[in-house]
>>> print(open('input.cif').read())   # mmCIF, C-alpha atoms and all ligand atoms
data_structure
#
loop_
_atom_site.label_atom_id
_atom_site.label_comp_id
_atom_site.auth_asym_id
_atom_site.auth_seq_id
_atom_site.Cartn_x
_atom_site.Cartn_y
_atom_site.Cartn_z
CA MET Z 1 104.07 134.76 71.07
CA GLN Z 2 106.13 137.45 72.70
CA PHE Z 3 108.21 139.16 70.04
CA THR Z 4 107.69 139.25 66.31
CA HIS Z 5 110.31 138.43 63.70
CA PHE Z 6 108.77 140.99 61.37
CA MET Z 7 110.92 143.89 62.50
CA THR Z 8 114.26 145.51 61.79
CA ARG Z 9 116.62 147.16 64.23
CA THR Z 10 118.61 150.01 62.75
CA GLU Z 11 122.07 151.16 63.84
CA ASP Z 12 120.64 153.86 66.07
CA GLY Z 13 118.77 151.17 68.02
CA ALA Z 14 115.31 152.06 66.70
CA ILE Z 15 112.98 149.16 65.96
CA HIS Z 16 110.92 149.31 62.77
CA CYS Z 17 107.80 147.21 62.35
CA ASN Z 18 107.86 145.57 58.92
CA ALA Z 19 104.31 144.25 58.93
CA CYS Z 20 102.58 146.96 56.94
CA GLN Z 21 103.51 149.88 54.76
CA TRP Z 22 103.35 152.41 57.60
CA ARG Z 23 106.61 150.88 58.90
CA CYS Z 24 106.15 152.40 62.36
CA VAL Z 25 109.20 153.02 64.54
CA LEU Z 26 108.34 151.70 67.98
CA ARG Z 27 110.29 152.58 71.09
CA PRO Z 28 109.62 150.68 74.32
CA GLY Z 29 106.05 151.31 75.42
CA GLU Z 30 104.91 152.85 72.14
CA VAL Z 31 102.11 151.30 70.09
CA GLY Z 32 101.84 151.39 66.31
CA ARG Z 33 99.16 153.09 64.27
CA CYS Z 34 97.16 149.86 64.22
CA LEU Z 35 97.16 149.77 68.06
CA MET Z 36 98.02 146.05 67.80
CA ARG Z 37 101.81 146.10 68.09
CA LYS Z 38 103.80 147.43 70.98
CA GLY Z 39 107.47 148.25 71.34
CA GLY Z 40 109.37 146.38 74.08
CA ASP Z 41 113.00 146.43 75.23
CA GLU Z 42 113.86 143.45 73.06
CA GLY Z 43 111.53 143.90 70.11
CA ILE Z 44 107.92 144.33 69.04
CA ILE Z 45 105.09 142.48 70.77
CA PRO Z 46 101.95 141.65 68.74
CA ILE Z 47 99.13 142.39 71.16
CA ASN Z 48 96.50 140.69 69.02
CA HIS Z 49 98.33 137.42 68.39
CA GLY Z 50 95.98 134.42 68.26
CA LEU Z 51 92.89 136.47 69.12
CA ILE Z 52 90.02 136.14 66.68
CA SER Z 53 87.11 138.46 66.08
CA ALA Z 54 85.04 136.04 63.98
CA ALA Z 55 85.08 132.59 62.41
CA THR Z 56 82.30 131.66 59.98
CA VAL Z 57 81.59 129.05 57.33
CA SER Z 58 80.35 130.73 54.14
CA PRO Z 59 80.38 130.43 50.35
CA ILE Z 60 83.64 131.85 48.96
CA GLU Z 61 81.61 134.19 46.73
CA GLU Z 62 80.72 136.25 49.82
CA PHE Z 63 84.27 137.52 49.85
CA ARG Z 64 84.17 138.68 46.21
CA LEU Z 65 86.19 135.81 44.87
CA TRP Z 66 83.94 134.66 42.03
CA HIS Z 67 86.42 133.00 39.70
CA PHE Z 68 88.17 131.13 42.48
CA PHE Z 69 86.90 127.69 43.52
CA PRO Z 70 83.30 128.68 42.64
CA ASP Z 71 80.61 127.23 44.86
CA SER Z 72 83.03 126.09 47.55
CA MET Z 73 82.55 126.68 51.25
CA VAL Z 74 85.31 128.46 53.10
CA LEU Z 75 86.22 128.96 56.73
CA ALA Z 76 86.56 132.73 57.14
CA VAL Z 77 88.64 133.86 60.09
CA GLY Z 78 89.39 137.38 61.23
CA GLY Z 79 91.41 138.92 64.01
CA TRP Z 80 91.62 142.38 65.46
CA GLY Z 81 93.24 145.47 64.09
CA TYR Z 82 93.18 147.76 61.16
CA ASN Z 83 95.73 150.15 59.81
CA PHE Z 84 93.78 152.67 57.76
CA PRO Z 85 92.95 155.63 60.00
CA VAL Z 86 89.80 156.29 57.97
CA ASP Z 87 87.78 153.20 57.41
CA GLN Z 88 84.12 152.68 56.85
CA GLN Z 89 84.26 149.00 56.10
CA ARG Z 90 86.20 147.21 58.78
CA GLY Z 91 86.24 149.67 61.63
CA ALA Z 92 84.21 147.17 63.68
CA TYR Z 93 87.32 145.03 64.03
CA ALA Z 94 89.66 147.86 64.94
CA HIS Z 95 89.74 147.39 68.70
CA ILE Z 96 90.19 144.31 70.87
CA PRO Z 97 87.16 144.12 73.17
CA GLN Z 98 88.09 144.58 76.79
CA GLU Z 99 84.96 143.02 78.32
CA PRO Z 100 85.61 139.77 80.23
CA GLY Z 101 84.98 136.69 78.12
CA LYS Z 102 84.96 138.60 74.82
CA GLN Z 103 88.56 137.79 73.90
CA ARG Z 104 88.50 134.53 71.97
CA THR Z 105 91.51 132.57 70.80
CA LEU Z 106 91.73 130.03 68.00
CA PRO Z 107 95.08 128.33 67.38
CA ALA Z 108 95.87 128.18 63.67
CA GLU Z 109 96.11 124.35 63.67
CA LYS Z 110 92.63 124.12 65.19
CA ALA Z 111 91.25 126.42 62.51
CA ALA Z 112 92.70 124.25 59.75
CA THR Z 113 91.34 121.09 61.40
CA PHE Z 114 87.95 122.72 61.84
CA ALA Z 115 87.89 123.68 58.15
CA LEU Z 116 88.59 120.08 57.24
CA LYS Z 117 85.84 118.75 59.52
CA GLN Z 118 83.32 121.26 58.19
CA LEU Z 119 84.15 120.17 54.62
CA CYS Z 120 85.42 123.65 53.77
CA ARG Z 121 87.68 123.54 50.75
CA GLY Z 122 89.58 126.57 51.92
CA VAL Z 123 90.41 129.08 54.60
CA ILE Z 124 90.28 132.84 54.11
CA TRP Z 125 91.49 135.65 56.34
CA ALA Z 126 88.70 138.21 56.25
CA TYR Z 127 87.09 140.79 58.56
CA SER Z 128 90.27 142.40 59.90
CA GLU Z 129 93.35 143.45 57.97
CA PRO Z 130 95.89 140.61 57.56
CA SER Z 131 98.86 142.98 57.57
CA VAL Z 132 98.46 143.68 61.29
CA SER Z 133 98.34 139.97 62.18
CA PRO Z 134 101.06 138.55 59.91
CA GLU Z 135 102.36 135.95 62.38
CA TYR Z 136 98.94 134.39 62.87
CA VAL Z 137 98.06 134.68 59.17
CA LEU Z 138 101.29 132.93 58.21
CA ASP Z 139 100.57 130.09 60.67
CA LEU Z 140 97.02 129.84 59.36
CA LEU Z 141 98.09 129.66 55.73
CA LYS Z 142 100.79 127.08 56.45
CA THR Z 143 98.57 124.79 58.48
CA SER Z 144 95.69 125.13 56.02
CA ARG Z 145 97.94 124.27 53.09
CA ALA Z 146 99.27 121.28 55.03
CA ALA Z 147 95.63 120.17 55.34
CA SER Z 148 95.21 120.56 51.54
CA ARG Z 149 92.90 123.56 51.87
CA TYR Z 150 93.11 126.55 49.55
CA THR Z 151 94.04 129.84 51.17
CA ALA Z 152 93.04 133.43 50.54
CA LEU Z 153 93.08 136.92 52.02
CA VAL Z 154 90.70 139.85 51.95
CA THR Z 155 92.98 142.85 52.12
CA THR Z 156 93.58 146.47 51.32
CA GLY Z 157 96.99 145.44 50.01
CA PHE Z 158 98.87 147.53 52.55
CA LEU Z 159 101.19 144.62 53.42
CA THR Z 160 104.92 145.00 52.93
CA VAL Z 161 106.86 143.07 50.32
CA GLU Z 162 108.66 141.21 53.12
CA ILE Z 163 105.36 139.90 54.49
CA LEU Z 164 104.04 139.01 51.05
CA ASN Z 165 107.17 137.01 50.33
CA LYS Z 166 106.62 135.04 53.55
CA LEU Z 167 102.95 134.38 52.78
CA GLY Z 168 103.35 133.89 49.03
CA PRO Z 169 104.39 130.22 49.00
CA TYR Z 170 101.19 129.29 50.87
CA LEU Z 171 98.76 131.76 49.31
CA HIS Z 172 96.32 131.10 46.45
CA GLY Z 173 93.91 134.01 46.25
CA ILE Z 174 93.48 137.67 47.16
CA SER Z 175 90.31 139.73 47.29
CA LEU Z 176 91.86 143.19 46.93
CA ASP Z 177 90.09 146.35 47.99
CA VAL Z 178 91.24 149.27 45.81
CA ARG Z 179 89.74 152.52 47.07
CA GLY Z 180 90.45 154.68 44.06
CA PHE Z 181 93.31 155.76 41.90
CA GLY Z 182 94.67 159.01 43.24
CA ASP Z 183 96.15 160.70 46.28
CA VAL Z 184 92.94 162.53 47.17
CA GLU Z 185 90.89 159.33 47.00
CA TYR Z 186 93.23 157.46 49.32
CA GLU Z 187 93.58 160.40 51.67
CA ARG Z 188 89.80 160.78 51.95
CA LEU Z 189 88.77 157.12 52.00
CA ALA Z 190 91.68 155.55 53.84
CA GLY Z 191 93.69 158.30 55.50
CA VAL Z 192 96.74 157.08 53.64
CA PRO Z 193 98.90 159.60 51.79
CA LYS Z 194 101.25 157.07 50.18
CA TRP Z 195 99.10 154.42 48.57
CA ARG Z 196 100.98 153.30 45.47
CA GLY Z 197 102.75 150.55 47.40
CA ILE Z 198 99.38 148.76 47.23
CA LEU Z 199 99.79 148.49 43.47
CA GLY Z 200 103.30 147.08 43.90
CA PHE Z 201 101.99 144.53 46.40
CA ALA Z 202 99.29 143.31 43.99
CA ALA Z 203 101.59 143.15 40.98
CA LEU Z 204 104.15 141.14 42.95
CA ALA Z 205 101.49 138.78 44.29
CA ARG Z 206 100.34 138.16 40.74
CA GLU Z 207 103.72 137.97 38.99
CA ARG Z 208 105.90 136.25 41.53
CA TRP Z 209 103.43 134.24 43.58
CA LYS Z 210 100.87 133.58 40.84
CA CYS Z 211 98.02 134.51 43.15
CA HIS Z 212 94.53 134.77 41.79
CA ILE Z 213 93.38 138.36 42.39
CA GLU Z 214 89.95 139.94 42.19
CA VAL Z 215 89.59 143.68 42.72
CA THR Z 216 86.74 145.45 44.51
CA THR Z 217 86.07 149.19 44.38
CA ARG Z 218 83.26 150.93 46.23
CA MET Z 219 82.07 154.08 44.53
CA HIS Z 220 81.73 157.30 46.50
CA PRO Z 221 80.37 160.03 44.20
CA GLY Z 222 82.52 163.13 44.20
CA VAL Z 223 85.42 161.29 45.83
CA ASN Z 224 86.61 158.37 43.71
CA ASP Z 225 84.49 158.57 40.55
CA ASP Z 226 86.77 160.75 38.43
CA PRO Z 227 86.56 159.09 34.97
CA ASP Z 228 90.25 159.68 34.19
CA HIS Z 229 91.32 158.04 37.44
CA LEU Z 230 88.96 155.14 36.84
CA ARG Z 231 90.41 154.66 33.35
CA GLN Z 232 93.90 154.62 34.89
CA MET Z 233 92.75 152.01 37.39
CA VAL Z 234 91.25 149.86 34.68
CA ASP Z 235 94.45 150.15 32.61
CA TRP Z 236 96.49 149.14 35.61
CA ILE Z 237 94.28 146.12 36.36
CA ARG Z 238 94.43 145.00 32.74
CA GLN Z 239 98.18 145.48 32.33
CA LYS Z 240 99.43 144.26 35.71
CA LEU Z 241 96.82 141.70 36.77
CA GLY Z 242 95.34 140.66 33.43
CA SER Z 243 92.21 141.42 31.40
CA GLN Z 244 90.42 138.42 32.96
CA THR Z 245 90.79 139.86 36.46
CA PRO Z 246 87.26 140.25 37.86
CA TRP Z 247 86.48 143.82 38.93
CA HIS Z 248 83.65 144.15 41.45
CA VAL Z 249 82.19 147.67 41.44
CA LEU Z 250 79.85 148.37 44.34
CA PRO Z 251 78.13 151.44 45.76
CA GLY Z 252 80.06 152.91 48.66
CA ASP Z 253 77.17 155.16 49.68
CA ALA Z 254 73.40 154.77 49.64
CA GLY Z 255 71.34 156.51 47.01
CA SER Z 256 70.94 157.02 43.31
CA GLN Z 257 74.17 159.00 42.82
CA ALA Z 258 76.27 156.08 43.98
CA ALA Z 259 74.26 153.73 41.76
CA ALA Z 260 74.90 156.00 38.78
CA ALA Z 261 78.61 156.15 39.66
CA VAL Z 262 78.68 152.34 39.73
CA ASN Z 263 77.13 152.16 36.27
CA ARG Z 264 79.59 154.69 34.85
CA ALA Z 265 82.54 152.84 36.37
CA ARG Z 266 81.32 149.51 34.99
CA ARG Z 267 81.08 151.02 31.53
CA ILE Z 268 84.64 152.34 31.86
CA GLY Z 269 85.75 148.87 32.92
CA HIS Z 270 84.22 147.26 29.83
CA GLU Z 271 85.53 149.96 27.51
CA GLY Z 272 88.98 149.60 29.05
CA GLY Z 273 89.17 145.93 28.16
CA LEU Z 274 88.27 144.16 31.39
CA LEU Z 275 86.37 141.02 30.48
CA PHE Z 276 84.58 140.44 33.79
CA VAL Z 277 83.04 143.47 35.50
CA TYR Z 278 80.46 142.80 38.20
CA GLY Z 279 78.07 145.08 40.06
CA PRO Z 280 75.87 144.90 43.14
CA GLU Z 281 72.78 143.17 41.76
CA PRO Z 282 72.02 139.65 43.01
CA ASN Z 283 72.28 136.47 40.96
CA GLN Z 284 74.77 137.75 38.38
CA VAL Z 285 75.97 135.24 35.84
CA THR Z 286 79.40 134.92 34.27
CA ARG Z 287 79.28 134.97 30.48
CA CYS Z 288 81.89 133.92 27.99
CA PRO Z 289 83.56 137.13 26.77
CA ALA Z 290 83.81 135.67 23.25
CA CYS Z 291 80.36 134.18 22.56
CA GLN Z 292 78.26 135.37 25.55
CA SER Z 293 77.27 131.82 26.56
CA THR Z 294 76.52 131.44 30.24
CA LEU Z 295 79.45 129.88 32.08
CA ILE Z 296 78.56 130.25 35.76
CA THR Z 297 75.19 130.92 37.34
CA ARG Z 298 74.71 132.32 40.84
CA GLU Z 299 71.38 132.01 42.50
CA ASN Z 300 70.56 132.54 46.16
CA GLY Z 301 74.17 131.97 47.18
CA VAL Z 302 74.64 128.84 45.07
CA SER Z 303 76.99 128.97 42.08
CA ARG Z 304 77.00 126.44 39.27
CA LEU Z 305 79.54 125.94 36.52
CA ILE Z 306 77.26 125.07 33.65
CA GLY Z 307 78.95 126.13 30.42
CA LEU Z 308 82.51 125.01 30.97
CA ASP Z 309 84.43 122.10 29.59
CA ASN Z 310 87.85 121.56 31.09
CA GLY Z 311 88.32 125.27 31.83
CA ARG Z 312 87.05 126.41 28.42
CA CYS Z 313 83.74 127.74 27.21
CA ALA Z 314 81.82 124.63 26.17
CA ASN Z 315 80.32 126.54 23.24
CA CYS Z 316 83.27 128.33 21.62
CA GLY Z 317 86.37 127.04 23.40
CA PHE Z 318 87.44 130.37 24.95
CA GLU Z 319 89.89 129.64 27.79
CA VAL Z 320 88.54 131.09 30.99
CA ASP Z 321 91.00 132.04 33.69
CA LEU Z 322 89.40 130.26 36.64
CA TYR Z 323 91.33 129.06 39.68
CA LEU Z 324 90.06 125.58 40.45
CA SER Z 325 92.96 123.55 41.82
CA ILE Z 326 95.27 124.06 44.77
CA TRP Z 327 97.97 122.16 42.92
CA ARG Z 328 98.11 124.33 39.84
CA LYS Z 329 99.12 127.94 40.23
CA LYS Z 330 98.17 130.26 37.41
CA ASN Z 331 100.75 131.26 34.84
S1 LIG V 401 101.39 146.70 61.58
FE1 LIG V 401 100.89 148.35 63.01
S2 LIG V 401 102.80 148.80 64.09
FE2 LIG V 401 103.34 147.61 62.26
S3 LIG V 401 103.82 149.16 60.70
FE3 LIG V 401 101.64 148.64 60.48
S4 LIG V 401 100.52 150.13 61.73
FE4 LIG V 401 102.66 150.20 62.36
#
>>> encode(input="input.cif", output="structure tokens")
Amino acid sequence: MQFTHFMTRTEDGAIHCNACQWRCVLRPGEVGRCLMRKGGDEGIIPINHGLISAATVSPIEEFRLWHFFPDSMVLAVGGWGYNFPVDQQRGAYAHIPQEPGKQRTLPAEKAATFALKQLCRGVIWAYSEPSVSPEYVLDLLKTSRAASRYTALVTTGFLTVEILNKLGPYLHGISLDVRGFGDVEYERLAGVPKWRGILGFAALARERWKCHIEVTTRMHPGVNDDPDHLRQMVDWIRQKLGSQTPWHVLPGDAGSQAAAAVNRARRIGHEGGLLFVYGPEPNQVTRCPACQSTLITRENGVSRLIGLDNGRCANCGFEVDLYLSIWRKKN
């Protein structure tokens, strides 16, 4: 690929990248904040196109999608590039390695075929941020859907609406990383002053494209554990994504303070009406919110649906919002 379609030229001749919410203006020779897109005379060149940083076969649960095709194996693919200046989680994939032989390519069609051969039910874009590789991600989702695989993204949600609307017809699930619920949190943990577009992205993915969404928040004591902000986040999840949206609350730092912050946040999640709040401990089960019967067990990386009957709690009939079919999008 030479030039991307995901750009706009304004009347003054400037070229705007439309891939992520930074919307960089790139003149010839300039690179965007992600370091993966370069301005040329005719348009914007994605430097990272087709290059992959990792491709693994793993249980889907590893990507914090626990109510989405439970116990299925997924081909996880990642590229290069990240667009949060401050990042503790995916900084390892921020730069394309320059050493000879370290730049690997994987055409999207090959990835989908490989997923099929490995008996993976789906394909997920993980490791690097999908918003800085939208051309490849779109190809990957299309070819995977054509091979009857489910598709998902792990993302910070910093994609633009234009990109989401391109991906939406082929996208089933999103593991969404929400850093906090305030300007200071996003400034400190992501280096992003304008973060509320992330909320708009998620709400649109849910409402328009019926994507299954699970939210993950890593707790950093003194940074993103303000109880009022957490209550606002919980309210937003419940109102915009639904009370059955799983919320994964994990420690962002080592130590007892982070563990205590996780416990406080989980309590706020329950009190705020979220029906499925998960923490960091291994082998967590999913219980019916109505009668507390066990619905899904997870043990040593293996999940089992044991208390469900046609999508309902086998004991009390509560309808559980699980995503189990690529043919049926959620309402
Ligand atoms: S993808 Fe890169 S170049 Fe495009 S707007 Fe985002 S940071 Fe800027």
>>> closest_atom_pairs(input="input.cif", of="range 234-285 of chain Z", to="range 173-182 of chain Z", cutoff="10 Å", atoms="only C-alpha atoms", output="tab-separated table")
residue	atom	partner	partner_atom	distance
Z:Val234	CA	Z:Phe181	CA	9.5
Z:Trp236	CA	Z:Phe181	CA	9.7
Z:Pro246	CA	Z:Ser175	CA	9.9
Z:Trp247	CA	Z:Leu176	CA	9.7
Z:His248	CA	Z:Asp177	CA	9.4
Z:Gly252	CA	Z:Arg179	CA	9.8
>>> closest_residue(input="input.cif", among="Z:Tyr82, Z:Cys313, Z:Leu75, Z:Ala19", to="Leu138 in chain Z", atoms="only C-alpha atoms")
Z:Ala19
>>> closest_atom_pairs(input="input.cif", of="chain Z", to="ligand LIG 401 (chain V)", cutoff="10 Å", atoms="all atoms listed in the file", output="tab-separated table")
residue	atom	partner	partner_atom	distance
Z:Phe6	CA	V:LIG401	FE2	8.6
Z:Met7	CA	V:LIG401	FE2	8.4
Z:His16	CA	V:LIG401	S3	7.4
Z:Cys17	CA	V:LIG401	FE2	4.5
Z:Asn18	CA	V:LIG401	S3	5.7
Z:Ala19	CA	V:LIG401	S1	4.6
Z:Cys20	CA	V:LIG401	FE3	4.0
Z:Gln21	CA	V:LIG401	S3	6.0
Z:Trp22	CA	V:LIG401	S3	4.5
Z:Arg23	CA	V:LIG401	S3	3.7
Z:Cys24	CA	V:LIG401	FE4	4.1
Z:Val25	CA	V:LIG401	FE4	7.4
Z:Leu26	CA	V:LIG401	S2	7.4
Z:Glu30	CA	V:LIG401	S2	9.3
Z:Val31	CA	V:LIG401	S2	6.5
Z:Gly32	CA	V:LIG401	S2	3.5
Z:Arg33	CA	V:LIG401	S4	4.1
Z:Cys34	CA	V:LIG401	S4	4.2
Z:Leu35	CA	V:LIG401	FE1	6.4
Z:Met36	CA	V:LIG401	FE1	6.0
Z:Arg37	CA	V:LIG401	S2	4.9
Z:Lys38	CA	V:LIG401	S2	7.1
Z:Gly39	CA	V:LIG401	S2	8.6
Z:Ile44	CA	V:LIG401	S2	8.4
Z:Ile45	CA	V:LIG401	S2	9.5
Z:Pro46	CA	V:LIG401	S2	8.6
Z:Gly81	CA	V:LIG401	FE1	8.2
Z:Tyr82	CA	V:LIG401	S4	7.7
Z:Asn83	CA	V:LIG401	S4	5.2
Z:Phe84	CA	V:LIG401	S4	8.2
Z:Pro85	CA	V:LIG401	S4	9.5
Z:Glu129	CA	V:LIG401	S1	9.4
Z:Pro130	CA	V:LIG401	S1	9.1
Z:Ser131	CA	V:LIG401	S1	6.0
Z:Val132	CA	V:LIG401	S1	4.2
Z:Ser133	CA	V:LIG401	S1	7.4
Z:Pro134	CA	V:LIG401	S1	8.3
Z:Phe158	CA	V:LIG401	FE3	8.5
Z:Leu159	CA	V:LIG401	FE3	8.1
Z:Thr160	CA	V:LIG401	S3	8.9
>>> residues_around(input="input.cif", residues="range 105-118 of chain Z", least_positions_apart="2", cutoff="9 Å", atoms="only C-alpha atoms", output="short mmCIF file (atom, residue, chain, number, x, y, z; two decimals) with C-alpha atoms, keeping the file's coordinate frame")
data_model
loop_
_atom_site.label_atom_id
_atom_site.label_comp_id
_atom_site.auth_asym_id
_atom_site.auth_seq_id
_atom_site.Cartn_x
_atom_site.Cartn_y
_atom_site.Cartn_z
CA HIS Z 49 98.33 137.42 68.39
CA GLY Z 50 95.98 134.42 68.26
CA LEU Z 51 92.89 136.47 69.12
CA ILE Z 52 90.02 136.14 66.68
CA SER Z 53 87.11 138.46 66.08
CA ALA Z 55 85.08 132.59 62.41
CA VAL Z 57 81.59 129.05 57.33
CA MET Z 73 82.55 126.68 51.25
CA VAL Z 74 85.31 128.46 53.10
CA LEU Z 75 86.22 128.96 56.73
CA VAL Z 77 88.64 133.86 60.09
CA GLN Z 103 88.56 137.79 73.90
CA CYS Z 120 85.42 123.65 53.77
CA ARG Z 121 87.68 123.54 50.75
CA GLY Z 122 89.58 126.57 51.92
CA VAL Z 123 90.41 129.08 54.60
CA TYR Z 136 98.94 134.39 62.87
CA VAL Z 137 98.06 134.68 59.17
CA ASP Z 139 100.57 130.09 60.67
CA LEU Z 140 97.02 129.84 59.36
CA LEU Z 141 98.09 129.66 55.73
CA LYS Z 142 100.79 127.08 56.45
CA THR Z 143 98.57 124.79 58.48
CA SER Z 144 95.69 125.13 56.02
CA ARG Z 145 97.94 124.27 53.09
CA ALA Z 146 99.27 121.28 55.03
CA ALA Z 147 95.63 120.17 55.34
CA SER Z 148 95.21 120.56 51.54
CA ARG Z 149 92.90 123.56 51.87
#
>>> closest_residue(input="input.cif", among="Z:Leu295, Z:Ile124, Z:Ala258, Z:Val86", to="His172 in chain Z", atoms="all atoms listed in the file")
Z:Ile124
>>> residues_around(input="input.cif", residues="Glu299 in chain Z", least_positions_apart="5", cutoff="12 Å", atoms="all atoms listed in the file", output="PDB file with C-alpha atoms, in the frame of the given file")
ATOM      1  CA  GLU Z  61      81.610 134.190  46.730  1.00  0.00           C
ATOM      2  CA  ASP Z  71      80.610 127.230  44.860  1.00  0.00           C
ATOM      3  CA  GLU Z 281      72.780 143.170  41.760  1.00  0.00           C
ATOM      4  CA  PRO Z 282      72.020 139.650  43.010  1.00  0.00           C
ATOM      5  CA  ASN Z 283      72.280 136.470  40.960  1.00  0.00           C
ATOM      6  CA  GLN Z 284      74.770 137.750  38.380  1.00  0.00           C
ATOM      7  CA  VAL Z 285      75.970 135.240  35.840  1.00  0.00           C
ATOM      8  CA  THR Z 286      79.400 134.920  34.270  1.00  0.00           C
ATOM      9  CA  ARG Z 304      77.000 126.440  39.270  1.00  0.00           C
ATOM     10  CA  LEU Z 305      79.540 125.940  36.520  1.00  0.00           C
TER      11      LEU Z 305
END
>>> closest_residue(input="input.cif", among="Z:Asn224, Z:Asp12, Z:Gly79, Z:Tyr323", to="Thr151 in chain Z", atoms="all atoms listed in the file")
Z:Tyr323
>>> axis_aligned_box(input="input.cif", around="range 298-304 of chain Z", padding_each_side="3 Å", output="lines of an AutoDock Vina configuration file")
center_x = 73.8
center_y = 129.5
center_z = 43.2
size_x = 12.4
size_y = 12.1
size_z = 13.9
>>> atom_distance(input="input.cif", atom1="CA of Trp66 in chain Z", atom2="CA of Glu162 in chain Z")
27.9 Å
>>> atom_distance(input="input.cif", atom1="CA of Ala260 in chain Z", atom2="CA of Gln232 in chain Z")
19.4 Å
>>> atom_distance(input="input.cif", atom1="CA of Asn263 in chain Z", atom2="CA of Thr155 in chain Z")
24.3 Å
>>> closest_residue(input="input.cif", among="Z:Glu271, Z:Asp225, Z:Asp253, Z:Glu319", to="Cys291 in chain Z", atoms="all atoms listed in the file")
Z:Glu319
>>> closest_residue(input="input.cif", among="Z:Gly301, Z:Ile296, Z:Ala92, Z:Asn165", to="Ala314 in chain Z", atoms="all atoms listed in the file")
Z:Ile296
>>> closest_residue(input="input.cif", among="Z:Ile47, Z:Ala14, Z:Ile213, Z:Ala265", to="Met233 in chain Z", atoms="all atoms listed in the file")
Z:Ala265
